[in-house]
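Structure file target-v5.pdb (PDB, C-alpha atoms) follows.
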MODEL        1
ATOM      1  CA  MET A 711    -145.040  68.225-156.945  1.00  0.00           C
ATOM      2  CA  ASN A 712    -143.304  64.861-157.149  1.00  0.00           C
ATOM      3  CA  ILE A 713    -141.484  64.370-160.456  1.00  0.00           C
ATOM      4  CA  LYS A 714    -139.946  61.005-161.162  1.00  0.00           C
ATOM      5  CA  TYR A 715    -136.803  60.683-163.215  1.00  0.00           C
ATOM      6  CA  PRO A 716    -136.478  57.101-164.467  1.00  0.00           C
ATOM      7  CA  TYR A 717    -132.800  57.475-165.404  1.00  0.00           C
ATOM      8  CA  PHE A 718    -131.926  58.800-161.937  1.00  0.00           C
ATOM      9  CA  ASN A 719    -133.839  55.943-160.300  1.00  0.00           C
ATOM     10  CA  SER A 720    -131.907  53.478-162.454  1.00  0.00           C
ATOM     11  CA  ILE A 721    -128.580  54.978-161.363  1.00  0.00           C
ATOM     12  CA  LYS A 722    -129.680  55.053-157.732  1.00  0.00           C
ATOM     13  CA  LYS A 723    -130.735  51.416-157.851  1.00  0.00           C
ATOM     14  CA  ASN A 724    -127.564  50.240-159.626  1.00  0.00           C
ATOM     15  CA  ARG A 725    -124.971  52.580-158.145  1.00  0.00           C
ATOM     16  CA  SER A 726    -122.794  49.762-156.834  1.00  0.00           C
ATOM     17  CA  TRP A 727    -122.599  48.333-160.363  1.00  0.00           C
ATOM     18  CA  PHE A 728    -121.688  51.780-161.706  1.00  0.00           C
ATOM     19  CA  ALA A 729    -118.942  52.159-159.092  1.00  0.00           C
ATOM     20  CA  LEU A 730    -117.628  48.680-159.879  1.00  0.00           C
ATOM     21  CA  SER A 731    -117.681  49.530-163.597  1.00  0.00           C
ATOM     22  CA  LEU A 732    -115.681  52.673-162.875  1.00  0.00           C
ATOM     23  CA  LEU A 733    -113.139  50.616-160.951  1.00  0.00           C
ATOM     24  CA  ALA A 734    -112.928  48.075-163.784  1.00  0.00           C
ATOM     25  CA  PHE A 735    -112.379  50.919-166.255  1.00  0.00           C
ATOM     26  CA  LEU A 736    -109.609  52.488-164.137  1.00  0.00           C
ATOM     27  CA  MET A 737    -107.733  49.250-163.337  1.00  0.00           C
ATOM     28  CA  PRO A 738    -105.658  49.098-166.563  1.00  0.00           C
ATOM     29  CA  PHE A 739    -104.501  52.682-166.087  1.00  0.00           C
ATOM     30  CA  TYR A 740    -102.027  54.030-163.586  1.00  0.00           C
ATOM     31  CA  HIS A 741    -102.113  52.410-160.108  1.00  0.00           C
ATOM     32  CA  ASN A 742    -103.270  55.572-158.280  1.00  0.00           C
ATOM     33  CA  TRP A 743    -106.370  55.788-160.456  1.00  0.00           C
ATOM     34  CA  SER A 744    -107.520  52.325-159.438  1.00  0.00           C
ATOM     35  CA  VAL A 745    -107.031  53.317-155.790  1.00  0.00           C
ATOM     36  CA  ILE A 746    -109.486  56.163-156.421  1.00  0.00           C
ATOM     37  CA  GLY A 747    -111.947  53.612-157.803  1.00  0.00           C
ATOM     38  CA  ILE A 748    -111.549  51.403-154.722  1.00  0.00           C
ATOM     39  CA  VAL A 749    -112.031  54.370-152.399  1.00  0.00           C
ATOM     40  CA  LEU A 750    -115.227  55.343-154.255  1.00  0.00           C
ATOM     41  CA  LEU A 751    -116.542  51.803-154.313  1.00  0.00           C
ATOM     42  CA  PHE A 752    -116.428  51.226-150.558  1.00  0.00           C
ATOM     43  CA  PRO A 753    -118.853  54.003-149.435  1.00  0.00           C
ATOM     44  CA  VAL A 754    -121.171  53.270-152.350  1.00  0.00           C
ATOM     45  CA  MET A 755    -121.439  49.651-151.271  1.00  0.00           C
ATOM     46  CA  LEU A 756    -122.133  50.678-147.675  1.00  0.00           C
ATOM     47  CA  SER A 757    -124.729  53.291-148.628  1.00  0.00           C
ATOM     48  CA  ASP A 758    -126.846  50.842-150.577  1.00  0.00           C
ATOM     49  CA  SER A 759    -130.342  50.130-149.346  1.00  0.00           C
ATOM     50  CA  ASN A 760    -129.853  46.415-148.744  1.00  0.00           C
ATOM     51  CA  VAL A 761    -126.712  46.571-146.592  1.00  0.00           C
ATOM     52  CA  ARG A 762    -128.010  43.868-144.271  1.00  0.00           C
ATOM     53  CA  MET A 763    -128.354  41.429-147.174  1.00  0.00           C
ATOM     54  CA  ARG A 764    -124.874  42.314-148.443  1.00  0.00           C
ATOM     55  CA  LEU A 765    -123.350  41.742-145.010  1.00  0.00           C
ATOM     56  CA  LEU A 766    -125.134  38.399-144.808  1.00  0.00           C
ATOM     57  CA  ASN A 767    -123.677  37.431-148.206  1.00  0.00           C
ATOM     58  CA  ILE A 768    -120.199  38.360-146.962  1.00  0.00           C
ATOM     59  CA  LYS A 769    -120.710  36.417-143.744  1.00  0.00           C
ATOM     60  CA  MET A 770    -121.809  33.285-145.621  1.00  0.00           C
ATOM     61  CA  ASN A 771    -118.813  33.319-147.987  1.00  0.00           C
ATOM     62  CA  ARG A 772    -116.316  30.832-146.555  1.00  0.00           C
ATOM     63  CA  LEU A 773    -113.715  31.493-149.234  1.00  0.00           C
ATOM     64  CA  LEU A 774    -113.511  35.068-148.012  1.00  0.00           C
ATOM     65  CA  TYR A 775    -112.463  33.834-144.570  1.00  0.00           C
ATOM     66  CA  SER A 776    -109.519  31.982-146.077  1.00  0.00           C
ATOM     67  CA  LEU A 777    -108.400  35.108-147.949  1.00  0.00           C
ATOM     68  CA  VAL A 778    -108.635  37.187-144.762  1.00  0.00           C
ATOM     69  CA  LEU A 779    -106.558  34.537-142.989  1.00  0.00           C
ATOM     70  CA  LEU A 780    -103.990  34.640-145.804  1.00  0.00           C
ATOM     71  CA  TYR A 781    -103.718  38.438-145.497  1.00  0.00           C
ATOM     72  CA  ILE A 782    -103.299  38.140-141.724  1.00  0.00           C
ATOM     73  CA  LEU A 783    -100.484  35.639-142.349  1.00  0.00           C
ATOM     74  CA  TYR A 784     -98.848  38.205-144.642  1.00  0.00           C
ATOM     75  CA  CYS A 785     -99.102  40.759-141.813  1.00  0.00           C
ATOM     76  CA  ILE A 786     -97.541  38.317-139.353  1.00  0.00           C
ATOM     77  CA  GLY A 787     -94.784  37.590-141.855  1.00  0.00           C
ATOM     78  CA  LEU A 788     -94.051  41.305-141.944  1.00  0.00           C
ATOM     79  CA  LEU A 789     -93.028  41.095-138.290  1.00  0.00           C
ATOM     80  CA  TYR A 790     -90.198  38.731-139.275  1.00  0.00           C
ATOM     81  CA  SER A 791     -89.122  40.778-142.280  1.00  0.00           C
ATOM     82  CA  ALA A 792     -85.748  42.501-142.310  1.00  0.00           C
ATOM     83  CA  ASN A 793     -86.906  45.028-144.911  1.00  0.00           C
ATOM     84  CA  ILE A 794     -90.053  46.647-143.517  1.00  0.00           C
ATOM     85  CA  GLU A 795     -90.478  49.069-146.458  1.00  0.00           C
ATOM     86  CA  GLU A 796     -90.586  46.286-149.001  1.00  0.00           C
ATOM     87  CA  GLY A 797     -92.880  44.278-146.726  1.00  0.00           C
ATOM     88  CA  LEU A 798     -95.321  47.190-146.492  1.00  0.00           C
ATOM     89  CA  MET A 799     -95.242  47.542-150.276  1.00  0.00           C
ATOM     90  CA  ASN A 800     -96.046  43.831-150.556  1.00  0.00           C
ATOM     91  CA  LEU A 801     -98.962  44.269-148.137  1.00  0.00           C
ATOM     92  CA  GLU A 802    -100.247  47.152-150.260  1.00  0.00           C
ATOM     93  CA  THR A 803     -99.923  44.973-153.347  1.00  0.00           C
ATOM     94  CA  MET A 804    -101.841  42.154-151.633  1.00  0.00           C
ATOM     95  CA  LEU A 805    -104.645  44.434-150.403  1.00  0.00           C
ATOM     96  CA  PRO A 806    -106.827  43.790-153.497  1.00  0.00           C
ATOM     97  CA  LEU A 807    -106.597  40.098-152.587  1.00  0.00           C
ATOM     98  CA  LEU A 808    -108.624  41.036-149.526  1.00  0.00           C
ATOM     99  CA  LEU A 809    -110.830  43.853-150.876  1.00  0.00           C
ATOM    100  CA  PHE A 810    -112.057  42.496-154.213  1.00  0.00           C
ATOM    101  CA  PRO A 811    -113.558  39.280-152.829  1.00  0.00           C
ATOM    102  CA  LEU A 812    -115.195  41.392-150.131  1.00  0.00           C
ATOM    103  CA  PHE A 813    -116.818  43.641-152.740  1.00  0.00           C
ATOM    104  CA  PHE A 814    -117.725  40.805-155.080  1.00  0.00           C
ATOM    105  CA  SER A 815    -119.299  38.675-152.382  1.00  0.00           C
ATOM    106  CA  ALA A 816    -121.550  41.589-151.461  1.00  0.00           C
ATOM    107  CA  LEU A 817    -122.931  41.960-154.996  1.00  0.00           C
ATOM    108  CA  ASP A 818    -125.803  40.060-156.511  1.00  0.00           C
ATOM    109  CA  PHE A 819    -124.489  38.395-159.656  1.00  0.00           C
ATOM    110  CA  THR A 820    -127.881  37.258-160.872  1.00  0.00           C
ATOM    111  CA  LYS A 821    -128.128  40.540-162.791  1.00  0.00           C
ATOM    112  CA  THR A 822    -126.310  39.829-166.022  1.00  0.00           C
ATOM    113  CA  THR A 823    -126.604  43.453-167.160  1.00  0.00           C
ATOM    114  CA  GLY A 824    -124.425  44.605-164.265  1.00  0.00           C
ATOM    115  CA  THR A 825    -121.846  41.918-164.924  1.00  0.00           C
ATOM    116  CA  ASN A 826    -121.776  42.747-168.622  1.00  0.00           C
ATOM    117  CA  SER A 827    -121.310  46.456-167.943  1.00  0.00           C
ATOM    118  CA  VAL A 828    -118.345  45.720-165.648  1.00  0.00           C
ATOM    119  CA  MET A 829    -116.701  43.514-168.278  1.00  0.00           C
ATOM    120  CA  LEU A 830    -117.349  46.071-171.017  1.00  0.00           C
ATOM    121  CA  SER A 831    -115.863  48.838-168.853  1.00  0.00           C
ATOM    122  CA  PHE A 832    -112.745  46.758-168.255  1.00  0.00           C
ATOM    123  CA  ILE A 833    -112.369  46.020-171.973  1.00  0.00           C
ATOM    124  CA  ILE A 834    -112.747  49.703-172.880  1.00  0.00           C
ATOM    125  CA  GLY A 835    -110.224  50.622-170.188  1.00  0.00           C
ATOM    126  CA  CYS A 836    -107.729  48.069-171.555  1.00  0.00           C
ATOM    127  CA  ILE A 837    -108.158  49.410-175.094  1.00  0.00           C
ATOM    128  CA  LEU A 838    -107.699  53.030-174.017  1.00  0.00           C
ATOM    129  CA  ALA A 839    -104.731  52.222-171.746  1.00  0.00           C
ATOM    130  CA  GLY A 840    -102.964  50.774-174.767  1.00  0.00           C
TER     131      GLY A 840
ENDMDL
END
Kindly present the structure from the file in structure tokens form.
Amino acid sequence: MNIKYPYFNSIKKNRSWFALSLLAFLMPFYHNWSVIGIVLLFPVMLSDSNVRMRLLNIKMNRLLYSLVLLYILYCIGLLYSANIEEGLMNLETMLPLLLFPLFFSALDFTKTTGTNSVMLSFIIGCILAG
């Protein structure tokens, strides 16, 4: 017997938006919580059904190439740094500069409901974080 659950199908179809909303909610809180959101977002984006289309969107985004180049320049600058610990902390701080455009270029922003839910999650997170 095949029983269909419309709510489950909605979550399954929009799971990348739900993961992005969770990340937006966790961002105003403590730094380690947003790392958890980033770690959850990556496999959700890869497990989506239209991975080929997402990879094509990433490949076509020329701005993303410039951000990857900027991060590589930061890594090269670390080689000339006298304080490696502080340089590694700066690289960790700059990692969202590389990851967020990667995630955002893979999403389809024609769905305004997904975009609105991400913004609402961020606003609620900012209110609760104080």
Just need the box for stretch 806-819 of chain A, edges along x, y and z, holding every atom the file lists for it with 5 Å tacked onto each side, so centre and edge lengths in Å to one decimal, as JSON.
{"center_x": -116.2, "center_y": 41.1, "center_z": -154.6, "size_x": 29.2, "size_y": 15.5, "size_z": 20.1}
Nearest to A:Leu812, chosen from A:Leu779, A:Val749, A:Leu838, A:Ile768, with all atoms listed in the file counted in the distances: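 Going through A:Leu779, A:Val749, A:Leu838, A:Ile768 one by one, the smallest distance to A:Leu812 is for A:Ile768.
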Hits from the PyMOL selection byres ((chain A and resi 754) around 10), listed as a list in words: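 Evaluating the PyMOL selection byres ((chain A and resi 754) around 10) on this file yields Arg725, Ser726, Trp727, Phe728, Ala729, Leu730, Val749, Leu750, Leu751, Phe752, Pro753, Met755, Leu756, Ser757 and Asp758 of chain A.
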Print the selection's residues with C-alpha atoms to a file, as an mmCIF file, in the coordinates of the input.
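Now in out-v9.cif:
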data_model
loop_
_atom_site.group_PDB
_atom_site.id
_atom_site.type_symbol
_atom_site.label_atom_id
_atom_site.label_comp_id
_atom_site.auth_asym_id
_atom_site.auth_seq_id
_atom_site.Cartn_x
_atom_site.Cartn_y
_atom_site.Cartn_z
ATOM 1 C CA ARG A 725 -124.971 52.580 -158.145
ATOM 2 C CA SER A 726 -122.794 49.762 -156.834
ATOM 3 C CA TRP A 727 -122.599 48.333 -160.363
ATOM 4 C CA PHE A 728 -121.688 51.780 -161.706
ATOM 5 C CA ALA A 729 -118.942 52.159 -159.092
ATOM 6 C CA LEU A 730 -117.628 48.680 -159.879
ATOM 7 C CA VAL A 749 -112.031 54.370 -152.399
ATOM 8 C CA LEU A 750 -115.227 55.343 -154.255
ATOM 9 C CA LEU A 751 -116.542 51.803 -154.313
ATOM 10 C CA PHE A 752 -116.428 51.226 -150.558
ATOM 11 C CA PRO A 753 -118.853 54.003 -149.435
ATOM 12 C CA MET A 755 -121.439 49.651 -151.271
ATOM 13 C CA LEU A 756 -122.133 50.678 -147.675
ATOM 14 C CA SER A 757 -124.729 53.291 -148.628
ATOM 15 C CA ASP A 758 -126.846 50.842 -150.577
#
Atom pair atom CA of A:Phe735 / atom CA of A:Cys836: separation (Å):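 These two atoms are separated by 7.6 Å.
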Evaluate the PyMOL selection byres ((chain A and resi 744) around 12) and report residues as a ChimeraX atom specification: /A:729-743,745-751,806,832,835
Shell of 10 Å around A:Gly797, all atoms listed in the file, local chain residues under 4 positions omitted, as an NGL selection string: :A and (784-785 or 787-793 or 801-803)
Separation of atom CA of A:Tyr781 from atom CA of A:Leu765, in Å and rounded to one decimal: 19.9 Å
Interatomic distance (Å, one decimal) between atom CA of A:Met804 and atom CA of A:Ser776: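 According to the coordinates, atom CA of A:Met804 and atom CA of A:Ser776 are separated by 13.9 Å.
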Minimum-distance residue to A:Val778, chosen among A:Leu817, A:Ala839, A:Leu809, A:Val828 (using only C-alpha atoms): A:Leu809
Among listed residues A:Met799, A:Leu783, A:Ala816, A:Leu807, nearest A:Arg764 (using all atoms listed in the file):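 Among A:Met799, A:Leu783, A:Ala816, A:Leu807, it is A:Ala816 that comes nearest to A:Arg764.
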